[in-house]
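Engineer: See work31.pdb below, with PDB, C-alpha atoms and all ligand atoms.
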ATOM      1  CA  MET A1112     -42.617  28.271-200.235
ATOM      2  CA  ASN A1113     -45.631  26.943-198.376
ATOM      3  CA  ARG A1114     -45.826  26.596-194.596
ATOM      4  CA  ALA A1115     -45.744  22.761-194.562
ATOM      5  CA  LEU A1116     -42.463  22.760-196.460
ATOM      6  CA  ARG A1117     -40.995  25.476-194.230
ATOM      7  CA  GLU A1118     -41.907  23.403-191.162
ATOM      8  CA  SER A1119     -40.300  20.303-192.663
ATOM      9  CA  PHE A1120     -37.124  22.281-193.374
ATOM     10  CA  HIS A1121     -37.130  23.526-189.793
ATOM     11  CA  ARG A1122     -37.358  19.946-188.462
ATOM     12  CA  GLU A1123     -34.577  18.839-190.805
ATOM     13  CA  TYR A1124     -32.382  21.649-189.502
ATOM     14  CA  LEU A1125     -32.979  20.636-185.882
ATOM     15  CA  THR A1126     -31.913  17.061-186.671
ATOM     16  CA  PHE A1127     -28.839  18.328-188.523
ATOM     17  CA  PHE A1128     -27.844  20.725-185.744
ATOM     18  CA  GLU A1129     -28.423  18.266-182.921
ATOM     19  CA  GLN A1130     -26.213  15.721-184.634
ATOM     20  CA  ALA A1131     -23.554  18.328-185.367
ATOM     21  CA  GLU A1132     -23.472  19.421-181.714
ATOM     22  CA  ARG A1133     -23.281  15.837-180.465
ATOM     23  CA  THR A1134     -20.882  14.219-182.910
ATOM     24  CA  ARG A1135     -19.134  16.623-185.216
ATOM     25  CA  ARG A1136     -17.758  19.639-183.346
ATOM     26  CA  TRP A1137     -13.986  20.031-183.605
ATOM     27  CA  ASN A1138     -11.420  22.583-182.617
ATOM     28  CA  PRO A1139      -8.786  23.600-185.198
ATOM     29  CA  PHE A1140      -6.282  24.465-182.454
ATOM     30  CA  THR A1141      -6.604  21.397-180.241
ATOM     31  CA  ASP A1142      -8.008  18.555-182.382
ATOM     32  CA  VAL A1143      -5.239  18.532-184.993
ATOM     33  CA  PRO A1144      -2.009  16.772-183.897
ATOM     34  CA  TRP A1145       0.118  19.817-184.757
ATOM     35  CA  ASP A1146       3.121  18.576-182.738
ATOM     36  CA  GLU A1147       3.544  15.729-185.267
ATOM     37  CA  LEU A1148       4.437  18.291-187.942
ATOM     38  CA  ALA A1149       8.002  18.091-186.718
ATOM     39  CA  ASP A1150       8.214  14.569-188.224
ATOM     40  CA  SER A1151       6.980  15.377-191.750
ATOM     41  CA  ALA A1152       9.021  16.786-194.619
ATOM     42  CA  PRO A1153       7.812  19.714-196.756
ATOM     43  CA  ASP A1154       5.928  18.627-199.893
ATOM     44  CA  GLU A1155       5.297  21.432-202.388
ATOM     45  CA  GLN A1156       2.616  19.588-204.340
ATOM     46  CA  LEU A1157       0.566  18.920-201.203
ATOM     47  CA  ALA A1158       1.167  22.503-200.050
ATOM     48  CA  GLN A1159      -0.106  23.893-203.358
ATOM     49  CA  CYS A1160      -3.248  21.780-203.136
ATOM     50  CA  ALA A1161      -3.840  22.889-199.525
ATOM     51  CA  GLU A1162      -3.318  26.518-200.579
ATOM     52  CA  THR A1163      -5.791  26.127-203.448
ATOM     53  CA  PHE A1164      -8.517  24.671-201.218
ATOM     54  CA  CYS A1165      -7.778  27.321-198.609
ATOM     55  CA  GLY A1166      -8.410  29.911-201.351
ATOM     56  CA  VAL A1167     -11.703  28.331-202.416
ATOM     57  CA  GLU A1168     -12.863  28.225-198.791
ATOM     58  CA  MET A1169     -11.947  31.912-198.409
ATOM     59  CA  PHE A1170     -14.895  33.057-200.505
ATOM     60  CA  LEU A1171     -17.009  32.455-197.421
ATOM     61  CA  PRO A1172     -18.428  36.030-197.321
ATOM     62  CA  ASP A1173     -19.765  35.610-200.878
ATOM     63  CA  TYR A1174     -21.107  32.113-200.197
ATOM     64  CA  LEU A1175     -22.852  33.307-197.041
ATOM     65  CA  LYS A1176     -24.381  36.276-198.807
ATOM     66  CA  ALA A1177     -25.712  33.932-201.511
ATOM     67  CA  HIS A1178     -27.179  31.663-198.850
ATOM     68  CA  LEU A1179     -28.912  34.449-197.001
ATOM     69  CA  ASP A1180     -30.159  36.208-200.139
ATOM     70  CA  THR A1181     -31.832  33.037-201.390
ATOM     71  CA  VAL A1182     -33.383  31.735-198.207
ATOM     72  CA  ASP A1183     -34.973  34.994-197.082
ATOM     73  CA  ARG A1184     -36.598  34.578-193.672
ATOM     74  CA  ASN A1185     -37.069  30.831-193.819
ATOM     75  CA  TYR A1186     -36.023  29.598-190.345
ATOM     76  CA  GLY A1187     -34.616  26.169-191.210
ATOM     77  CA  GLN A1188     -32.502  27.416-194.089
ATOM     78  CA  ALA A1189     -31.437  30.699-192.490
ATOM     79  CA  TRP A1190     -30.306  28.984-189.266
ATOM     80  CA  PHE A1191     -28.574  26.351-191.367
ATOM     81  CA  ALA A1192     -26.734  29.153-193.199
ATOM     82  CA  ALA A1193     -25.541  30.584-189.864
ATOM     83  CA  ASN A1194     -24.287  27.211-188.633
ATOM     84  CA  TRP A1195     -22.876  26.315-192.036
ATOM     85  CA  GLY A1196     -20.924  29.589-192.075
ATOM     86  CA  TYR A1197     -19.381  28.803-188.677
ATOM     87  CA  GLU A1198     -18.318  25.334-189.842
ATOM     88  CA  GLU A1199     -16.983  26.602-193.179
ATOM     89  CA  SER A1200     -15.051  29.393-191.459
ATOM     90  CA  LYS A1201     -12.867  26.740-189.818
ATOM     91  CA  HIS A1202     -11.975  25.147-193.157
ATOM     92  CA  SER A1203      -9.869  27.955-194.601
ATOM     93  CA  LEU A1204      -8.554  28.724-191.125
ATOM     94  CA  VAL A1205      -7.234  25.216-190.447
ATOM     95  CA  LEU A1206      -5.655  24.936-193.923
ATOM     96  CA  ARG A1207      -4.016  28.312-193.402
ATOM     97  CA  GLU A1208      -2.712  27.136-190.001
ATOM     98  CA  TYR A1209      -1.331  24.000-191.656
ATOM     99  CA  LEU A1210       0.538  25.969-194.327
ATOM    100  CA  HIS A1211       1.999  28.292-191.723
ATOM    101  CA  ARG A1212       2.769  25.835-188.919
ATOM    102  CA  SER A1213       4.394  23.384-191.364
ATOM    103  CA  GLY A1214       6.727  26.186-192.455
ATOM    104  CA  GLN A1215       5.658  25.899-196.100
ATOM    105  CA  ARG A1216       4.250  29.419-196.313
ATOM    106  CA  THR A1217       5.230  32.507-194.338
ATOM    107  CA  GLU A1218       2.679  34.734-192.672
ATOM    108  CA  GLN A1219       3.466  37.369-195.315
ATOM    109  CA  GLN A1220       2.868  34.953-198.210
ATOM    110  CA  LEU A1221      -0.448  33.964-196.689
ATOM    111  CA  PHE A1222      -1.568  37.577-196.313
ATOM    112  CA  ASP A1223      -0.546  38.256-199.949
ATOM    113  CA  TYR A1224      -2.511  35.212-201.116
ATOM    114  CA  GLU A1225      -5.511  36.279-199.036
ATOM    115  CA  GLU A1226      -5.433  39.748-200.632
ATOM    116  CA  THR A1227      -5.264  38.319-204.159
ATOM    117  CA  VAL A1228      -8.034  35.825-203.541
ATOM    118  CA  LEU A1229     -10.361  38.260-201.802
ATOM    119  CA  SER A1230      -9.921  40.925-204.470
ATOM    120  CA  ARG A1231     -12.158  38.719-206.589
ATOM    121  CA  SER A1232     -15.718  37.798-205.886
ATOM    122  CA  TRP A1233     -18.100  34.953-206.458
ATOM    123  CA  THR A1234     -21.699  35.449-207.444
ATOM    124  CA  ARG A1235     -24.324  32.830-206.985
ATOM    125  CA  PRO A1236     -24.904  30.779-210.118
ATOM    126  CA  TYR A1237     -28.702  30.438-209.804
ATOM    127  CA  GLU A1238     -31.354  32.946-208.819
ATOM    128  CA  ASP A1239     -33.896  30.367-207.774
ATOM    129  CA  GLY A1240     -33.792  29.043-204.188
ATOM    130  CA  ARG A1241     -34.583  25.439-205.115
ATOM    131  CA  GLN A1242     -31.899  25.405-207.785
ATOM    132  CA  MET A1243     -29.451  26.668-205.158
ATOM    133  CA  VAL A1244     -30.418  23.695-202.964
ATOM    134  CA  VAL A1245     -29.552  21.381-205.877
ATOM    135  CA  TYR A1246     -26.324  23.299-206.396
ATOM    136  CA  GLY A1247     -25.493  22.988-202.668
ATOM    137  CA  ALA A1248     -26.028  19.226-202.680
ATOM    138  CA  ILE A1249     -23.758  18.745-205.710
ATOM    139  CA  GLN A1250     -21.106  21.240-204.654
ATOM    140  CA  GLU A1251     -20.773  19.898-201.091
ATOM    141  CA  LEU A1252     -20.568  16.281-202.246
ATOM    142  CA  THR A1253     -17.969  17.169-204.892
ATOM    143  CA  THR A1254     -15.968  18.987-202.220
ATOM    144  CA  PHE A1255     -16.188  15.943-199.950
ATOM    145  CA  VAL A1256     -14.895  13.681-202.748
ATOM    146  CA  ILE A1257     -11.997  16.069-203.424
ATOM    147  CA  TYR A1258     -10.997  16.183-199.748
ATOM    148  CA  ARG A1259     -11.251  12.402-199.440
ATOM    149  CA  LYS A1260      -8.804  12.036-202.326
ATOM    150  CA  GLN A1261      -6.491  14.634-200.832
ATOM    151  CA  ARG A1262      -6.616  12.865-197.509
ATOM    152  CA  ARG A1263      -5.535   9.570-199.103
ATOM    153  CA  LEU A1264      -2.764  11.277-201.040
ATOM    154  CA  ALA A1265      -1.483  13.115-197.954
ATOM    155  CA  THR A1266      -1.506   9.933-195.881
ATOM    156  CA  GLU A1267       0.313   7.942-198.597
ATOM    157  CA  ARG A1268       3.008  10.616-198.718
ATOM    158  CA  GLY A1269       3.514  10.606-194.967
ATOM    159  CA  ALA A1270       1.756  13.933-194.305
ATOM    160  CA  ARG A1271      -0.345  12.553-191.468
ATOM    161  CA  VAL A1272      -1.259  15.942-189.991
ATOM    162  CA  LEU A1273      -2.591  17.201-193.318
ATOM    163  CA  GLY A1274      -4.501  13.939-193.732
ATOM    164  CA  GLU A1275      -6.175  14.575-190.392
ATOM    165  CA  VAL A1276      -7.021  18.157-191.409
ATOM    166  CA  TYR A1277      -8.745  16.832-194.554
ATOM    167  CA  ARG A1278     -10.588  14.182-192.541
ATOM    168  CA  LEU A1279     -12.082  16.820-190.233
ATOM    169  CA  ILE A1280     -13.067  19.129-193.096
ATOM    170  CA  GLY A1281     -14.408  16.299-195.274
ATOM    171  CA  ARG A1282     -16.713  15.095-192.515
ATOM    172  CA  ASP A1283     -18.320  18.561-192.384
ATOM    173  CA  GLU A1284     -18.723  18.660-196.178
ATOM    174  CA  MET A1285     -20.492  15.281-196.202
ATOM    175  CA  ALA A1286     -22.876  16.462-193.465
ATOM    176  CA  HIS A1287     -23.638  19.602-195.511
ATOM    177  CA  SER A1288     -24.317  17.558-198.624
ATOM    178  CA  ARG A1289     -26.659  15.222-196.744
ATOM    179  CA  PHE A1290     -28.600  18.182-195.363
ATOM    180  CA  TYR A1291     -29.125  19.548-198.878
ATOM    181  CA  GLN A1292     -30.126  16.083-200.088
ATOM    182  CA  ARG A1293     -32.759  15.937-197.330
ATOM    183  CA  LEU A1294     -34.138  19.322-198.446
ATOM    184  CA  LEU A1295     -34.188  18.076-202.022
ATOM    185  CA  SER A1296     -36.181  14.997-200.988
ATOM    186  CA  LEU A1297     -38.710  17.292-199.335
ATOM    187  CA  HIS A1298     -38.831  19.442-202.463
ATOM    188  CA  LEU A1299     -39.390  16.290-204.541
ATOM    189  CA  ASP A1300     -42.300  15.292-202.289
ATOM    190  CA  ALA A1301     -43.822  18.757-202.602
ATOM    191  CA  ASP A1302     -43.300  19.281-206.347
ATOM    192  CA  ARG A1303     -41.736  16.319-208.107
ATOM    193  CA  ASP A1304     -41.845  17.590-211.680
ATOM    194  CA  GLY A1305     -40.532  21.055-210.888
ATOM    195  CA  THR A1306     -37.748  19.697-208.679
ATOM    196  CA  LEU A1307     -36.688  17.158-211.319
ATOM    197  CA  ARG A1308     -36.545  19.974-213.866
ATOM    198  CA  ASP A1309     -34.302  22.006-211.531
ATOM    199  CA  LEU A1310     -32.134  18.975-210.849
ATOM    200  CA  ALA A1311     -31.615  18.375-214.574
ATOM    201  CA  HIS A1312     -30.916  22.045-215.209
ATOM    202  CA  VAL A1313     -28.282  22.342-212.463
ATOM    203  CA  LEU A1314     -26.623  19.040-213.408
ATOM    204  CA  ARG A1315     -26.347  20.330-216.964
ATOM    205  CA  THR A1316     -24.841  23.686-216.017
ATOM    206  CA  PHE A1317     -22.931  22.970-212.776
ATOM    207  CA  ARG A1318     -19.497  24.518-212.243
ATOM    208  CA  MET A1319     -17.397  24.398-209.090
ATOM    209  CA  PRO A1320     -16.787  27.869-207.603
ATOM    210  CA  ALA A1321     -13.015  27.452-208.033
ATOM    211  CA  GLU A1322     -13.443  27.459-211.810
ATOM    212  CA  ASP A1323     -14.739  31.012-211.686
ATOM    213  CA  VAL A1324     -12.837  32.699-208.910
ATOM    214  CA  LEU A1325      -9.346  31.394-208.301
ATOM    215  CA  PRO A1326      -6.324  33.182-209.714
ATOM    216  CA  ASP A1327      -4.170  30.943-211.994
ATOM    217  CA  TYR A1328      -6.850  28.264-211.841
ATOM    218  CA  ASP A1329      -5.478  26.346-214.839
ATOM    219  CA  ALA A1330      -2.050  25.853-213.268
ATOM    220  CA  ARG A1331      -3.638  24.856-209.978
ATOM    221  CA  ILE A1332      -6.009  22.365-211.553
ATOM    222  CA  ALA A1333      -3.054  20.715-213.291
ATOM    223  CA  VAL A1334      -1.476  20.084-209.885
ATOM    224  CA  MET A1335      -4.758  18.812-208.449
ATOM    225  CA  ARG A1336      -5.432  16.415-211.336
ATOM    226  CA  THR A1337      -2.382  14.462-210.199
ATOM    227  CA  ALA A1338      -4.373  13.784-207.031
ATOM    228  CA  GLY A1339      -7.093  12.056-209.022
ATOM    229  CA  VAL A1340      -9.602  14.909-209.189
ATOM    230  CA  ASP A1341     -11.072  14.634-212.637
ATOM    231  CA  ALA A1342     -14.322  14.840-214.516
ATOM    232  CA  GLY A1343     -15.048  11.111-214.506
ATOM    233  CA  VAL A1344     -15.090  11.225-210.712
ATOM    234  CA  PHE A1345     -17.933  13.731-210.934
ATOM    235  CA  LEU A1346     -20.156  11.198-212.645
ATOM    236  CA  ARG A1347     -19.185   8.117-210.617
ATOM    237  CA  GLU A1348     -18.754   9.600-207.173
ATOM    238  CA  VAL A1349     -21.073  12.602-207.176
ATOM    239  CA  VAL A1350     -23.927  12.489-209.694
ATOM    240  CA  LEU A1351     -24.831   8.808-209.575
ATOM    241  CA  PRO A1352     -24.570   8.425-205.755
ATOM    242  CA  MET A1353     -26.583  11.620-205.282
ATOM    243  CA  LEU A1354     -29.357  10.488-207.611
ATOM    244  CA  GLY A1355     -29.261   7.109-205.813
ATOM    245  CA  ALA A1356     -29.596   8.764-202.388
ATOM    246  CA  LEU A1357     -32.685  10.563-203.694
ATOM    247  CA  GLY A1358     -34.125   7.282-204.973
ATOM    248  CA  LEU A1359     -33.664   8.471-208.573
ATOM    249  CA  SER A1360     -31.803   7.424-211.685
ATOM    250  CA  ARG A1361     -30.973   9.609-214.664
ATOM    251  CA  HIS A1362     -34.055   8.144-216.383
ATOM    252  CA  ASP A1363     -36.199  10.034-213.885
ATOM    253  CA  LEU A1364     -34.877  13.355-215.161
ATOM    254  CA  PRO A1365     -37.356  15.084-217.426
ATOM    255  CA  GLY A1366     -36.858  14.261-221.053
ATOM    256  CA  PRO A1367     -36.222  13.755-223.704
ATOM    257  CA  PRO A1368     -34.490  17.141-224.349
ATOM    258  CA  GLU A1369     -33.451  17.731-220.718
ATOM    259  CA  ARG A1370     -32.300  14.176-220.113
ATOM    260  CA  ALA A1371     -30.471  14.031-223.421
ATOM    261  CA  ALA A1372     -28.663  17.259-222.568
ATOM    262  CA  VAL A1373     -27.643  15.915-219.147
ATOM    263  CA  ASP A1374     -26.451  12.655-220.702
ATOM    264  CA  THR A1375     -24.354  14.605-223.194
ATOM    265  CA  VAL A1376     -22.712  16.645-220.442
ATOM    266  CA  LEU A1377     -22.055  13.531-218.375
ATOM    267  CA  ARG A1378     -20.544  11.755-221.373
ATOM    268  CA  GLN A1379     -18.337  14.751-222.172
ATOM    269  CA  ARG A1380     -17.200  14.953-218.560
ATOM    270  CA  SER A1381     -16.269  11.250-218.533
ATOM    271  CA  ALA A1382     -14.484  11.611-221.851
ATOM    272  CA  THR A1383     -12.351  14.484-220.588
ATOM    273  CA  ALA A1384     -11.486  12.637-217.366
TER     274      ALA A1384
HETATM  275 FE    FE B1401     -15.684  23.819-196.718
HETATM  276 FE    FE B1402     -19.333  22.564-196.943
END
Just give me the structure of the file as structure tokens.
Ligand SMILES: [Fe+2]
Ligand SMILES: [Fe+2]
Structural biologist:
Amino acid sequence: MNRALRESFHREYLTFFEQAERTRRWNPFTDVPWDELADSAPDEQLAQCAETFCGVEMFLPDYLKAHLDTVDRNYGQAWFAANWGYEESKHSLVLREYLHRSGQRTEQQLFDYEETVLSRSWTRPYEDGRQMVVYGAIQELTTFVIYRKQRRLATERGARVLGEVYRLIGRDEMAHSRFYQRLLSLHLDADRDGTLRDLAHVLRTFRMPAEDVLPDYDARIAVMRTAGVDAGVFLREVVLPMLGALGLSRHDLPGPPERAAVDTVLRQRSATA
């Protein structure tokens, strides 16, 4: 990566971090209205979803390693990885606290779950640093959309505390996605054709980490689908808004073979929604 791009990344990181320090810091012990848990009834479906997301967030050591391996000694991205890791570390922690404090999982059950989850590992899906930036932008936005749906579901079912937990986490995920989108814009300015090729490639091959790492993923996904997380959402609420934020449409993706392949995947995803 050339020096001009590294400097732009550094400036982007400063903007991201300054905003995070000013507007987005939260404390999992004091910013969640835990005392209101006394008023809400147990809800096994919501608990299973919370446990699933807690599990996905637990792969933090693998995600961090992937971050650091790809960014090398690039200041903006390496410092982002450090800050990102701090923010992500609170996500599994606060979901774990919710499951325990709401009485829906015992400490022992949570330790057992932790052991099962962490006995597996996640490896990064792309070797190339720019493709990992594309992956980050898609993955973080998808995660945001999932948490937003969970938040609505929790609130509708009277689980106000869980709704607040999802609000706090979701806000972080959106900020992460926007940071990656900013890096992608800079990549597009520096090498439009190459970046568009990477974008098309990752869109065609993208998989959420949960698909590869979680135990009994199929059973868990069945529970989560009832919360409106499906493949059609990926197209409408992730791919199209992300391309829009980058000032692109799918017609900008390199074609015809690449674009046709992406269109096929998007059609299949909508069809299986
Ligand atoms: Fe997260
Ligand atoms: Fe995130």
Engineer: For the atom pair CA of Glu1123 in chain A and CA of Val1350 in chain A, what is the interatomic distance in Å to one decimal place?
Structural biologist: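 Separating CA of Glu1123 in chain A from CA of Val1350 in chain A is a distance of 22.6 Å.
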Engineer: Could you tell me which residues the PyMOL selection byres (((not hetatm)) within 12 of (chain B and resi 1401)) returns for this structure, as a CSV table (one decimal) with C-alpha atoms, keeping the file's coordinate frame?
Structural biologist:
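File written: part-v2.csv
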chain,number,residue,atom,x,y,z
A,1164,PHE,CA,-8.5,24.7,-201.2
A,1165,CYS,CA,-7.8,27.3,-198.6
A,1166,GLY,CA,-8.4,29.9,-201.4
A,1167,VAL,CA,-11.7,28.3,-202.4
A,1168,GLU,CA,-12.9,28.2,-198.8
A,1169,MET,CA,-11.9,31.9,-198.4
A,1170,PHE,CA,-14.9,33.1,-200.5
A,1171,LEU,CA,-17.0,32.5,-197.4
A,1174,TYR,CA,-21.1,32.1,-200.2
A,1175,LEU,CA,-22.9,33.3,-197.0
A,1195,TRP,CA,-22.9,26.3,-192.0
A,1196,GLY,CA,-20.9,29.6,-192.1
A,1197,TYR,CA,-19.4,28.8,-188.7
A,1198,GLU,CA,-18.3,25.3,-189.8
A,1199,GLU,CA,-17.0,26.6,-193.2
A,1200,SER,CA,-15.1,29.4,-191.5
A,1201,LYS,CA,-12.9,26.7,-189.8
A,1202,HIS,CA,-12.0,25.1,-193.2
A,1203,SER,CA,-9.9,28.0,-194.6
A,1204,LEU,CA,-8.6,28.7,-191.1
A,1205,VAL,CA,-7.2,25.2,-190.4
A,1206,LEU,CA,-5.7,24.9,-193.9
A,1247,GLY,CA,-25.5,23.0,-202.7
A,1250,GLN,CA,-21.1,21.2,-204.7
A,1251,GLU,CA,-20.8,19.9,-201.1
A,1252,LEU,CA,-20.6,16.3,-202.2
A,1253,THR,CA,-18.0,17.2,-204.9
A,1254,THR,CA,-16.0,19.0,-202.2
A,1255,PHE,CA,-16.2,15.9,-200.0
A,1256,VAL,CA,-14.9,13.7,-202.7
A,1257,ILE,CA,-12.0,16.1,-203.4
A,1258,TYR,CA,-11.0,16.2,-199.7
A,1276,VAL,CA,-7.0,18.2,-191.4
A,1277,TYR,CA,-8.7,16.8,-194.6
A,1278,ARG,CA,-10.6,14.2,-192.5
A,1279,LEU,CA,-12.1,16.8,-190.2
A,1280,ILE,CA,-13.1,19.1,-193.1
A,1281,GLY,CA,-14.4,16.3,-195.3
A,1282,ARG,CA,-16.7,15.1,-192.5
A,1283,ASP,CA,-18.3,18.6,-192.4
A,1284,GLU,CA,-18.7,18.7,-196.2
A,1285,MET,CA,-20.5,15.3,-196.2
A,1286,ALA,CA,-22.9,16.5,-193.5
A,1287,HIS,CA,-23.6,19.6,-195.5
A,1288,SER,CA,-24.3,17.6,-198.6
A,1320,PRO,CA,-16.8,27.9,-207.6
Engineer: Using CA of Leu1148 in chain A and CA of Arg1268 in chain A as the two end points, give the distance in Å to one decimal.
Structural biologist: 13.3 Å
Engineer: Just to confirm, what's the straight-line distance from CA of Leu1297 in chain A to CA of Glu1118 in chain A in Å (one decimal)?
Structural biologist: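 Between CA of Leu1297 in chain A and CA of Glu1118 in chain A the gap is 10.7 Å.
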Engineer: I'd like the contact shell of Phe1128 in chain A - 12 Å cut-off, all atoms listed in the file, skipping same-chain residues fewer than 6 positions apart - returned as a list in words.
Structural biologist: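 So, after excluding close chain neighbours, the residues are His1121, Arg1122, Thr1134, Arg1135, Arg1136, Gly1187, Gln1188, Trp1190, Phe1191, Ala1192, Ala1193, Asn1194, Trp1195, Glu1198, Asp1283, Ala1286, His1287 and Phe1290 of chain A.
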Engineer: Between A:Phe1345, A:Tyr1124, A:Trp1233, A:Tyr1291, which residue has the minimum interatomic distance to ligand FE 1402 (chain B), considering all atoms listed in the file?
Structural biologist: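 Closest residue, counting all atoms listed in the file: A:Tyr1291.
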Engineer: For a quick check of understanding, using only C-alpha atoms, which of A:Glu1162, A:Asp1304, A:Asp1183, A:Asp1309 has the smallest distance to Gln1220 in chain A?
Structural biologist: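 Looking at the shortest contact to Gln1220 in chain A, the residue is A:Glu1162.
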Engineer: Under the rule that only C-alpha atoms and all ligand atoms are counted, which of A:His1362, A:His1298, A:Arg1289, A:Arg1331 is the nearest residue to ligand FE 1402 (chain B)?
Structural biologist: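 With only C-alpha atoms and all ligand atoms as the atom set, the closest residue is A:Arg1289.
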